[in-house]
Structures are given as C-alpha cells and as structure tokens.
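Undergrad: So I've got this file, protein.cif, and it contains mmCIF, C-alpha atoms, pLDDT in the B column; chains and numbers go by the auth columns:
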```cif
data_coords
#
loop_
_atom_site.group_PDB
_atom_site.id
_atom_site.type_symbol
_atom_site.label_atom_id
_atom_site.label_comp_id
_atom_site.label_asym_id
_atom_site.label_seq_id
_atom_site.Cartn_x
_atom_site.Cartn_y
_atom_site.Cartn_z
_atom_site.B_iso_or_equiv
_atom_site.auth_seq_id
_atom_site.auth_asym_id
ATOM 1 C CA MET A 1 -36.406 16.186 1.945 75.00 1 N
ATOM 2 C CA SER A 2 -35.544 14.838 5.394 83.00 2 N
ATOM 3 C CA PRO A 3 -31.962 14.963 6.705 84.00 3 N
ATOM 4 C CA SER A 4 -31.718 11.162 6.629 85.00 4 N
ATOM 5 C CA THR A 5 -32.806 11.072 2.984 88.00 5 N
ATOM 6 C CA ALA A 6 -30.288 13.789 2.128 88.00 6 N
ATOM 7 C CA ARG A 7 -27.533 11.780 3.781 87.00 7 N
ATOM 8 C CA GLY A 8 -28.617 8.715 1.824 87.00 8 N
ATOM 9 C CA TYR A 9 -28.330 10.593 -1.467 90.00 9 N
ATOM 10 C CA LEU A 10 -24.915 11.894 -0.432 91.00 10 N
ATOM 11 C CA VAL A 11 -23.735 8.326 0.134 91.00 11 N
ATOM 12 C CA HIS A 12 -24.900 7.369 -3.360 91.00 12 N
ATOM 13 C CA LEU A 13 -23.182 10.465 -4.728 93.00 13 N
ATOM 14 C CA TYR A 14 -20.006 9.376 -2.967 94.00 14 N
ATOM 15 C CA THR A 15 -20.222 5.958 -4.636 93.00 15 N
ATOM 16 C CA THR A 16 -20.901 7.529 -8.032 94.00 16 N
ATOM 17 C CA SER A 17 -17.954 9.946 -7.638 95.00 17 N
ATOM 18 C CA THR A 18 -15.782 6.983 -8.599 95.00 18 N
ATOM 19 C CA LEU A 19 -16.877 7.633 -12.180 96.00 19 N
ATOM 20 C CA LEU A 20 -15.139 11.023 -12.105 96.00 20 N
ATOM 21 C CA PHE A 21 -11.855 9.234 -11.457 97.00 21 N
ATOM 22 C CA VAL A 22 -12.715 6.636 -14.092 96.00 22 N
ATOM 23 C CA VAL A 23 -13.072 9.416 -16.681 97.00 23 N
ATOM 24 C CA LEU A 24 -9.831 11.043 -15.530 97.00 24 N
ATOM 25 C CA ALA A 25 -8.065 7.685 -15.719 97.00 25 N
ATOM 26 C CA VAL A 26 -9.339 7.134 -19.272 97.00 26 N
ATOM 27 C CA VAL A 27 -7.979 10.537 -20.310 97.00 27 N
ATOM 28 C CA TRP A 28 -4.616 9.830 -18.691 97.00 28 N
ATOM 29 C CA ILE A 29 -4.389 6.339 -20.179 97.00 29 N
ATOM 30 C CA LEU A 30 -5.007 7.734 -23.661 97.00 30 N
ATOM 31 C CA GLU A 31 -2.289 10.324 -22.976 97.00 31 N
ATOM 32 C CA ALA A 32 0.026 7.512 -21.777 96.00 32 N
ATOM 33 C CA ASN A 33 0.209 9.164 -18.354 96.00 33 N
ATOM 34 C CA TYR A 34 -0.014 5.804 -16.660 96.00 34 N
ATOM 35 C CA GLN A 35 1.088 6.900 -13.194 94.00 35 N
ATOM 36 C CA LEU A 36 -1.764 9.389 -12.834 96.00 36 N
ATOM 37 C CA ALA A 37 -4.180 6.843 -14.304 97.00 37 N
ATOM 38 C CA LEU A 38 -3.181 4.310 -11.638 96.00 38 N
ATOM 39 C CA LEU A 39 -3.523 6.976 -8.945 95.00 39 N
ATOM 40 C CA ALA A 40 -7.086 7.656 -10.129 96.00 40 N
ATOM 41 C CA MET A 41 -7.786 3.922 -10.024 95.00 41 N
ATOM 42 C CA ALA A 42 -6.406 3.775 -6.475 94.00 42 N
ATOM 43 C CA ILE A 43 -8.742 6.576 -5.365 94.00 43 N
ATOM 44 C CA GLY A 44 -11.639 4.615 -6.830 93.00 44 N
ATOM 45 C CA LEU A 45 -10.503 1.594 -4.814 92.00 45 N
ATOM 46 C CA VAL A 46 -10.552 3.665 -1.604 91.00 46 N
ATOM 47 C CA ILE A 47 -14.073 4.899 -2.345 93.00 47 N
ATOM 48 C CA ASP A 48 -15.253 1.348 -2.991 89.00 48 N
ATOM 49 C CA ALA A 49 -13.675 0.164 0.256 86.00 49 N
ATOM 50 C CA THR A 50 -15.492 2.786 2.323 88.00 50 N
ATOM 51 C CA ASP A 51 -18.870 3.452 0.710 87.00 51 N
ATOM 52 C CA GLY A 52 -20.431 0.214 1.951 82.00 52 N
ATOM 53 C CA ALA A 53 -19.867 1.100 5.588 83.00 53 N
ATOM 54 C CA LEU A 54 -21.387 4.533 4.987 88.00 54 N
ATOM 55 C CA ALA A 55 -24.382 2.986 3.235 86.00 55 N
ATOM 56 C CA ARG A 56 -25.034 0.674 6.178 85.00 56 N
ATOM 57 C CA LYS A 57 -24.525 3.449 8.713 86.00 57 N
ATOM 58 C CA HIS A 58 -27.019 5.768 7.009 86.00 58 N
ATOM 59 C CA ARG A 59 -29.445 2.947 6.032 86.00 59 N
ATOM 60 C CA VAL A 60 -29.631 4.020 2.401 86.00 60 N
ATOM 61 C CA ALA A 61 -31.892 1.093 1.482 84.00 61 N
ATOM 62 C CA GLN A 62 -34.559 2.602 3.742 86.00 62 N
ATOM 63 C CA THR A 63 -33.829 6.329 3.361 87.00 63 N
ATOM 64 C CA VAL A 64 -33.485 6.275 -0.462 86.00 64 N
ATOM 65 C CA PRO A 65 -35.618 3.272 -1.526 86.00 65 N
ATOM 66 C CA ASN A 66 -35.962 4.503 -5.120 88.00 66 N
ATOM 67 C CA ILE A 67 -32.275 3.786 -5.828 86.00 67 N
ATOM 68 C CA ASP A 68 -30.899 0.248 -5.918 86.00 68 N
ATOM 69 C CA GLY A 69 -27.585 0.732 -4.130 84.00 69 N
ATOM 70 C CA ALA A 70 -26.338 -2.784 -4.924 86.00 70 N
ATOM 71 C CA LEU A 71 -27.016 -2.310 -8.639 89.00 71 N
ATOM 72 C CA LEU A 72 -25.359 1.117 -8.614 91.00 72 N
ATOM 73 C CA ASP A 73 -22.346 -0.343 -6.860 89.00 73 N
ATOM 74 C CA ASN A 74 -22.044 -3.177 -9.403 91.00 74 N
ATOM 75 C CA ILE A 75 -22.268 -0.779 -12.356 93.00 75 N
ATOM 76 C CA VAL A 76 -19.578 1.479 -10.929 94.00 76 N
ATOM 77 C CA ASP A 77 -17.390 -1.485 -9.947 93.00 77 N
ATOM 78 C CA PHE A 78 -17.608 -3.117 -13.374 95.00 78 N
ATOM 79 C CA VAL A 79 -16.505 0.088 -15.067 95.00 79 N
ATOM 80 C CA SER A 80 -13.675 0.758 -12.632 95.00 80 N
ATOM 81 C CA TYR A 81 -12.504 -2.823 -11.947 95.00 81 N
ATOM 82 C CA VAL A 82 -12.960 -4.323 -15.418 96.00 82 N
ATOM 83 C CA PHE A 83 -13.358 -1.796 -18.249 95.00 83 N
ATOM 84 C CA LEU A 84 -10.639 0.549 -17.005 96.00 84 N
ATOM 85 C CA PRO A 85 -8.001 -2.163 -16.435 97.00 85 N
ATOM 86 C CA ILE A 86 -8.758 -3.619 -19.883 97.00 86 N
ATOM 87 C CA LEU A 87 -8.160 -0.213 -21.471 97.00 87 N
ATOM 88 C CA PHE A 88 -4.926 0.126 -19.497 97.00 88 N
ATOM 89 C CA LEU A 89 -3.681 -3.338 -20.502 97.00 89 N
ATOM 90 C CA LEU A 90 -4.428 -2.694 -24.171 96.00 90 N
ATOM 91 C CA HIS A 91 -3.043 0.847 -24.382 96.00 91 N
ATOM 92 C CA ALA A 92 0.107 0.097 -22.373 95.00 92 N
ATOM 93 C CA GLY A 93 0.846 -3.010 -24.451 95.00 93 N
ATOM 94 C CA LEU A 94 0.845 -5.362 -21.470 96.00 94 N
ATOM 95 C CA LEU A 95 -0.776 -8.342 -23.228 96.00 95 N
ATOM 96 C CA LEU A 96 0.407 -10.780 -25.863 95.00 96 N
ATOM 97 C CA GLN A 97 -1.221 -11.049 -29.281 94.00 97 N
ATOM 98 C CA PRO A 98 -4.017 -11.542 -30.004 95.00 98 N
ATOM 99 C CA VAL A 99 -4.764 -8.949 -27.350 94.00 99 N
ATOM 100 C CA TRP A 100 -8.479 -8.870 -28.214 93.00 100 N
ATOM 101 C CA ALA A 101 -8.841 -12.542 -27.270 94.00 101 N
ATOM 102 C CA PHE A 102 -7.256 -12.196 -23.834 95.00 102 N
ATOM 103 C CA ALA A 103 -9.065 -8.929 -23.127 95.00 103 N
ATOM 104 C CA THR A 104 -12.364 -10.555 -24.117 96.00 104 N
ATOM 105 C CA LEU A 105 -11.698 -13.509 -21.819 96.00 105 N
ATOM 106 C CA LEU A 106 -11.134 -11.043 -18.955 96.00 106 N
ATOM 107 C CA ALA A 107 -14.352 -9.183 -19.800 96.00 107 N
ATOM 108 C CA PHE A 108 -16.483 -12.321 -20.191 96.00 108 N
ATOM 109 C CA SER A 109 -15.260 -13.935 -16.975 95.00 109 N
ATOM 110 C CA SER A 110 -15.805 -10.712 -15.031 94.00 110 N
ATOM 111 C CA ALA A 111 -19.327 -10.332 -16.429 94.00 111 N
ATOM 112 C CA TYR A 112 -20.059 -13.848 -15.182 93.00 112 N
ATOM 113 C CA GLY A 113 -18.477 -13.066 -11.826 91.00 113 N
ATOM 114 C CA PHE A 114 -20.531 -9.918 -11.316 90.00 114 N
ATOM 115 C CA SER A 115 -23.800 -11.545 -12.387 88.00 115 N
ATOM 116 C CA ARG A 116 -23.640 -14.830 -10.478 85.00 116 N
ATOM 117 C CA THR A 117 -26.147 -14.781 -7.640 78.00 117 N
ATOM 118 C CA SER A 118 -23.627 -16.152 -5.141 72.00 118 N
ATOM 119 C CA ALA A 119 -20.858 -13.679 -6.055 69.00 119 N
ATOM 120 C CA LYS A 120 -21.039 -11.786 -2.770 72.00 120 N
ATOM 121 C CA GLN A 121 -21.760 -13.849 0.310 62.00 121 N
ATOM 122 C CA SER A 122 -21.648 -10.682 2.362 57.00 122 N
ATOM 123 C CA ASP A 123 -23.237 -12.152 5.491 59.00 123 N
ATOM 124 C CA GLU A 124 -20.293 -14.546 5.727 63.00 124 N
ATOM 125 C CA GLY A 125 -17.656 -12.085 4.499 78.00 125 N
ATOM 126 C CA PHE A 126 -16.702 -13.761 1.204 84.00 126 N
ATOM 127 C CA PHE A 127 -16.571 -13.259 -2.539 88.00 127 N
ATOM 128 C CA VAL A 128 -17.035 -16.421 -4.624 89.00 128 N
ATOM 129 C CA GLY A 129 -14.359 -16.924 -7.271 88.00 129 N
ATOM 130 C CA PHE A 130 -11.648 -14.388 -8.088 90.00 130 N
ATOM 131 C CA PRO A 131 -13.321 -11.029 -7.303 90.00 131 N
ATOM 132 C CA SER A 132 -12.123 -9.158 -10.432 90.00 132 N
ATOM 133 C CA TYR A 133 -9.321 -7.227 -8.756 93.00 133 N
ATOM 134 C CA TRP A 134 -7.975 -6.363 -12.198 95.00 134 N
ATOM 135 C CA ASN A 135 -6.878 -2.892 -11.115 94.00 135 N
ATOM 136 C CA VAL A 136 -4.481 -4.574 -8.664 94.00 136 N
ATOM 137 C CA VAL A 137 -3.159 -6.806 -11.451 95.00 137 N
ATOM 138 C CA VAL A 138 -2.560 -3.720 -13.614 96.00 138 N
ATOM 139 C CA PHE A 139 -0.733 -1.984 -10.756 95.00 139 N
ATOM 140 C CA TYR A 140 1.753 -4.813 -10.400 95.00 140 N
ATOM 141 C CA ALA A 141 2.122 -5.331 -14.143 95.00 141 N
ATOM 142 C CA PHE A 142 3.137 -1.670 -14.499 94.00 142 N
ATOM 143 C CA VAL A 143 5.171 -1.105 -11.334 93.00 143 N
ATOM 144 C CA LEU A 144 7.092 -4.391 -11.608 93.00 144 N
ATOM 145 C CA ASP A 145 7.406 -4.033 -15.391 92.00 145 N
ATOM 146 C CA LEU A 146 6.087 -7.543 -15.913 94.00 146 N
ATOM 147 C CA SER A 147 6.541 -9.075 -19.334 95.00 147 N
ATOM 148 C CA PRO A 148 3.479 -9.332 -21.613 96.00 148 N
ATOM 149 C CA ALA A 149 3.814 -13.115 -21.459 96.00 149 N
ATOM 150 C CA PHE A 150 3.672 -13.198 -17.661 97.00 150 N
ATOM 151 C CA THR A 151 0.835 -10.653 -17.490 96.00 151 N
ATOM 152 C CA THR A 152 -1.156 -12.581 -20.096 97.00 152 N
ATOM 153 C CA ALA A 153 -0.688 -15.846 -18.182 97.00 153 N
ATOM 154 C CA LEU A 154 -1.866 -14.067 -15.030 96.00 154 N
ATOM 155 C CA VAL A 155 -4.948 -12.713 -16.814 96.00 155 N
ATOM 156 C CA VAL A 156 -5.840 -16.137 -18.203 96.00 156 N
ATOM 157 C CA GLY A 157 -5.307 -17.913 -14.889 95.00 157 N
ATOM 158 C CA LEU A 158 -7.303 -15.421 -12.825 95.00 158 N
ATOM 159 C CA SER A 159 -10.068 -15.274 -15.451 95.00 159 N
ATOM 160 C CA LEU A 160 -10.519 -19.023 -15.144 94.00 160 N
ATOM 161 C CA PHE A 161 -10.426 -18.707 -11.352 91.00 161 N
ATOM 162 C CA VAL A 162 -13.551 -16.528 -11.529 92.00 162 N
ATOM 163 C CA PHE A 163 -15.545 -19.667 -12.398 91.00 163 N
ATOM 164 C CA THR A 164 -14.421 -21.626 -9.352 87.00 164 N
ATOM 165 C CA GLY A 165 -16.196 -21.943 -6.029 84.00 165 N
ATOM 166 C CA VAL A 166 -13.139 -20.826 -4.064 87.00 166 N
ATOM 167 C CA ARG A 167 -14.028 -17.961 -1.759 88.00 167 N
ATOM 168 C CA PHE A 168 -11.981 -14.807 -1.111 90.00 168 N
ATOM 169 C CA LEU A 169 -12.339 -12.438 1.805 88.00 169 N
ATOM 170 C CA TYR A 170 -14.823 -9.580 1.508 87.00 170 N
ATOM 171 C CA VAL A 171 -12.872 -7.422 3.932 84.00 171 N
ATOM 172 C CA SER A 172 -15.482 -4.739 4.649 78.00 172 N
ATOM 173 C CA ARG A 173 -17.960 -7.501 5.661 78.00 173 N
ATOM 174 C CA LEU A 174 -15.435 -9.770 7.347 77.00 174 N
ATOM 175 C CA ARG A 175 -16.487 -11.248 10.672 73.00 175 N
ATOM 176 C CA ARG A 176 -12.984 -12.326 11.699 71.00 176 N
ATOM 177 C CA SER A 177 -9.792 -10.197 11.676 80.00 177 N
ATOM 178 C CA ARG A 178 -11.366 -7.274 9.799 82.00 178 N
ATOM 179 C CA MET A 179 -9.290 -4.648 11.625 87.00 179 N
ATOM 180 C CA LEU A 180 -6.097 -6.587 10.898 90.00 180 N
ATOM 181 C CA HIS A 181 -6.872 -6.542 7.191 90.00 181 N
ATOM 182 C CA LEU A 182 -7.801 -2.867 7.244 89.00 182 N
ATOM 183 C CA VAL A 183 -4.467 -1.967 8.840 92.00 183 N
ATOM 184 C CA LEU A 184 -2.397 -4.240 6.600 93.00 184 N
ATOM 185 C CA GLY A 185 -4.394 -3.202 3.533 91.00 185 N
ATOM 186 C CA SER A 186 -3.778 0.474 4.268 92.00 186 N
ATOM 187 C CA ALA A 187 -0.031 -0.165 4.585 94.00 187 N
ATOM 188 C CA TRP A 188 -0.133 -2.198 1.364 94.00 188 N
ATOM 189 C CA GLY A 189 -1.851 0.637 -0.521 92.00 189 N
ATOM 190 C CA ALA A 190 0.579 3.234 0.827 93.00 190 N
ATOM 191 C CA ALA A 191 3.546 1.093 -0.264 93.00 191 N
ATOM 192 C CA LEU A 192 2.167 0.683 -3.795 92.00 192 N
ATOM 193 C CA ILE A 193 1.362 4.373 -4.237 93.00 193 N
ATOM 194 C CA THR A 194 4.835 5.293 -2.995 93.00 194 N
ATOM 195 C CA ALA A 195 6.410 2.787 -5.388 92.00 195 N
ATOM 196 C CA LEU A 196 4.364 4.242 -8.226 91.00 196 N
ATOM 197 C CA PHE A 197 5.857 7.716 -7.881 90.00 197 N
ATOM 198 C CA ILE A 198 9.525 7.013 -7.211 90.00 198 N
ATOM 199 C CA GLU A 199 12.192 6.307 -9.776 86.00 199 N
ATOM 200 C CA PRO A 200 12.719 2.689 -10.833 84.00 200 N
ATOM 201 C CA GLY A 201 15.385 1.111 -8.691 87.00 201 N
ATOM 202 C CA ALA A 202 16.076 -0.897 -5.563 89.00 202 N
ATOM 203 C CA LEU A 203 13.697 1.066 -3.306 91.00 203 N
ATOM 204 C CA ARG A 204 10.837 0.853 -5.773 90.00 204 N
ATOM 205 C CA ASP A 205 11.364 -2.878 -6.228 90.00 205 N
ATOM 206 C CA ALA A 206 11.581 -3.408 -2.466 93.00 206 N
ATOM 207 C CA LEU A 207 8.281 -1.601 -1.878 94.00 207 N
ATOM 208 C CA ALA A 208 6.492 -3.372 -4.715 93.00 208 N
ATOM 209 C CA TYR A 209 7.756 -6.858 -3.961 93.00 209 N
ATOM 210 C CA GLY A 210 7.361 -6.300 -0.227 94.00 210 N
ATOM 211 C CA SER A 211 3.719 -5.326 -0.735 94.00 211 N
ATOM 212 C CA LEU A 212 3.110 -8.734 -2.278 95.00 212 N
ATOM 213 C CA GLY A 213 3.403 -10.065 1.265 95.00 213 N
ATOM 214 C CA TYR A 214 -0.070 -8.718 1.987 94.00 214 N
ATOM 215 C CA VAL A 215 -1.420 -10.175 -1.262 94.00 215 N
ATOM 216 C CA ALA A 216 -0.087 -13.569 -0.189 95.00 216 N
ATOM 217 C CA PHE A 217 -1.502 -13.136 3.329 94.00 217 N
ATOM 218 C CA TYR A 218 -4.913 -12.108 1.955 93.00 218 N
ATOM 219 C CA THR A 219 -4.992 -15.138 -0.342 93.00 219 N
ATOM 220 C CA LEU A 220 -3.858 -17.667 2.259 93.00 220 N
ATOM 221 C CA HIS A 221 -6.132 -16.193 4.919 91.00 221 N
ATOM 222 C CA SER A 222 -9.023 -16.384 2.446 90.00 222 N
ATOM 223 C CA PHE A 223 -8.403 -20.088 1.923 89.00 223 N
ATOM 224 C CA ALA A 224 -8.019 -20.719 5.659 88.00 224 N
ATOM 225 C CA LEU A 225 -11.200 -18.873 6.661 86.00 225 N
ATOM 226 C CA ASP A 226 -13.103 -20.411 3.749 85.00 226 N
ATOM 227 C CA ARG A 227 -12.121 -23.873 4.985 86.00 227 N
ATOM 228 C CA LEU A 228 -13.050 -22.978 8.571 83.00 228 N
ATOM 229 C CA SER A 229 -16.389 -21.480 7.497 78.00 229 N
ATOM 230 C CA ARG A 230 -17.301 -24.545 5.446 78.00 230 N
ATOM 231 C CA ARG A 231 -16.418 -26.800 8.381 81.00 231 N
ATOM 232 C CA GLU A 232 -18.679 -24.738 10.650 75.00 232 N
ATOM 233 C CA GLU A 233 -21.462 -24.890 8.053 70.00 233 N
ATOM 234 C CA ARG A 234 -21.205 -28.700 7.905 71.00 234 N
ATOM 235 C CA ALA A 235 -21.284 -28.873 11.682 71.00 235 N
ATOM 236 C CA ASP A 236 -24.541 -26.892 11.715 64.00 236 N
ATOM 237 C CA VAL A 237 -26.287 -29.163 9.186 52.00 237 N
ATOM 238 C CA PRO A 238 -28.847 -31.327 11.002 51.00 238 N
ATOM 239 C CA ARG A 239 -28.307 -35.075 10.865 43.00 239 N
ATOM 240 C CA PRO A 240 -30.935 -37.173 9.004 42.00 240 N
ATOM 241 C CA ALA A 241 -32.576 -38.193 12.272 42.00 241 N
ATOM 242 C CA GLU A 242 -32.899 -34.560 13.270 34.00 242 N
ATOM 243 C CA LEU A 243 -34.389 -33.735 9.898 33.00 243 N
ATOM 244 C CA SER A 244 -37.036 -36.431 10.286 35.00 244 N
ATOM 245 C CA ASP A 245 -38.101 -34.996 13.620 33.00 245 N
#
```
Please re-express this file's structure in structure tokens.
TA:
Amino acid sequence: MSPSTARGYLVHLYTTSTLLFVVLAVVWILEANYQLALLAMAIGLVIDATDGALARKHRVAQTVPNIDGALLDNIVDFVSYVFLPILFLLHAGLLLQPVWAFATLLAFSSAYGFSRTSAKQSDEGFFVGFPSYWNVVVFYAFVLDLSPAFTTALVVGLSLFVFTGVRFLYVSRLRRSRMLHLVLGSAWGAALITALFIEPGALRDALAYGSLGYVAFYTLHSFALDRLSRREERADVPRPAELSD
C-alpha cells in the first residue's frame, strides 16, 4: 500500500470515527446523561466540519477509488444529524404528542434533503433547503429549556423548509468570507459547550442567547449571498441573440 493510499484510508477512518461518538451518545441518551450526549454530538460536528478539507487535501477520490467518500459521508451524517437528534428529542420529552408524527416528519424531510441531487451545490458553497442541522436544534432546545410546544413548532417549520429552494451556506466550501465564518463558528461552538456544562442561570442564558447571534448572522448571510449568487448567475446567462450565434 502506498503512503498516499494509506493517508486516504486514514481520512475515511477519521470520517467514520463519528460513529463511535454516535454510539456513545446513544448510550448516554438512554441513560438520560444528556450533557455528555450533546458533547458527543458536538465532537461529531467538528469531525464533519474538518474531514472534507482533509479529503480534498489527500485526494481520497483518486487514492482510495474503491470507497465512495460522498456516500460514506452521507451515511454518517444521516445517522449523526438525523437519527441521533430524533432519539434525543423523543427520550428527553422535547416534542408534543403525538411524538411519532413529528419525529416521522423530521425523518422524512431529512431523507428527502439528503437524497435530492441538488442538496449540496458545493462548487458554489451552498446547501439547498434547510441542511438538517437537527443536532443544533437539540442543543438549543436542551440548553434554553425550550417548551415542547416551541420545539415542536421549530421542528415542523424547519422540516418544511427542507423542501424549499432557499440556499444556506456550505461553510467549508464557501468562496466568500469562509475564514470569517470559521472564526465566528468556532466562538459559537465554544460558547455553546461552555453553556452546556455550567449551572443554569444568568451566565448560561447569556452564553446561549448570545450564541444565537451567529445563527442569525449565518442565516442572513446565507440569504444575502444566495441572492448575490443568483444575480451573478443571471448576469452570466447568454441573451437570446447570443444563443442563436
């Protein structure tokens, strides 16, 4: 085995290591140790945010052609971003009755989101529709002690948003302001993890609510760059006369 092939397998192993934390999170959810479960989910989020850059750096598509890295990534992401949050929502009692109906809506919409051919417009730096950040929803539902009614409304609204054509930033493939998002995203993650492990109170609330500033920035910046990208795309479309030539 060549060194480049070995490095390619190591990158795939790094991606797959997320499943270790998925299993740990399942155990901790079933034990009602929700803080550790959310920490395991956060580690999975970090792995997902970094494995793509490693895959591109080590050219895994060429060095390990017998493994479909995109398929592997989607399998791991569906388990960690969809199945695990559903288990958390159900076990922690964060949804209204009938819980099976709302959990099924989340699962169905996410399955559609993962399978649609335009889901990841990576060359342009976008996801299409809400990109199934259900682990983030679970974080806020737990840390902010959201009511089941509010959490359920959030799940329904975001599930329906999966089916839209609105595009959200794919930060690791972003062409504009990627470093800004990496810095702000790192601060956002640190604030949430800190809030997770301190006693409920003013400081915890300040960290959690303050971190929503980045969520708002990410959302608004997504809409702004989506609008700008679509305008640029329209500008590049040849006029009828040009097409006839």
Undergrad: Determine, counting only C-alpha atoms, which protein, DNA and RNA residues have an atom within 9 Å of an atom of segment 187-190 of chain N; residues of the same chain fewer than 4 positions away are not included. Present the result as a PyMOL selection string.
TA: chain N and resi 42+182-183+194-195+210-215
Undergrad: For the residues in the current selection, export C-alpha atoms as a JSON list (two decimals), keeping the file's coordinate frame.
TA:
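Output file part12.json follows:
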```
[["chain", "number", "residue", "atom", "x", "y", "z"],
["N", 42, "ALA", "CA", -6.41, 3.78, -6.48],
["N", 182, "LEU", "CA", -7.80, -2.87, 7.24],
["N", 183, "VAL", "CA", -4.47, -1.97, 8.84],
["N", 194, "THR", "CA", 4.84, 5.29, -3.00],
["N", 195, "ALA", "CA", 6.41, 2.79, -5.39],
["N", 210, "GLY", "CA", 7.36, -6.30, -0.23],
["N", 211, "SER", "CA", 3.72, -5.33, -0.74],
["N", 212, "LEU", "CA", 3.11, -8.73, -2.28],
["N", 213, "GLY", "CA", 3.40, -10.06, 1.26],
["N", 214, "TYR", "CA", -0.07, -8.72, 1.99],
["N", 215, "VAL", "CA", -1.42, -10.18, -1.26]]
```
Undergrad: Carefully work through the PyMOL selection byres ((chain N and resi 10-12) around 10) for this structure and note down the residues it includes, as a list in words.
TA: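 The output of the PyMOL selection byres ((chain N and resi 10-12) around 10) on this file is Ser4, Thr5, Ala6, Arg7, Gly8, Tyr9, Leu13, Tyr14, Thr15, Thr16, Ser17, Asp51, Gly52, Ala53, Leu54, Ala55, Arg56, Lys57, His58, Arg59, Val60, Val64, Ile67, Asp68, Gly69, Leu72 and Asp73 of chain N.
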Undergrad: Which residue is closest to Val79 of chain N? Choose from N:Tyr140, N:Phe126, N:Phe114, N:Phe150 and count all atoms listed in the file.
TA: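 Closest candidate: N:Phe114.
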Undergrad: Taking only C-alpha atoms into account, name the residue in N:Phe78, N:Asn66, N:Thr152, N:Glu232 that is nearest to Leu105 of chain N.
TA: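 Among N:Phe78, N:Asn66, N:Thr152, N:Glu232, it is N:Thr152 that comes nearest to Leu105 of chain N.
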Undergrad: Could you check which of N:Leu196, N:Val166, N:Leu38, N:Leu94 is closest to Arg230 of chain N, using all atoms listed in the file?
TA: N:Val166
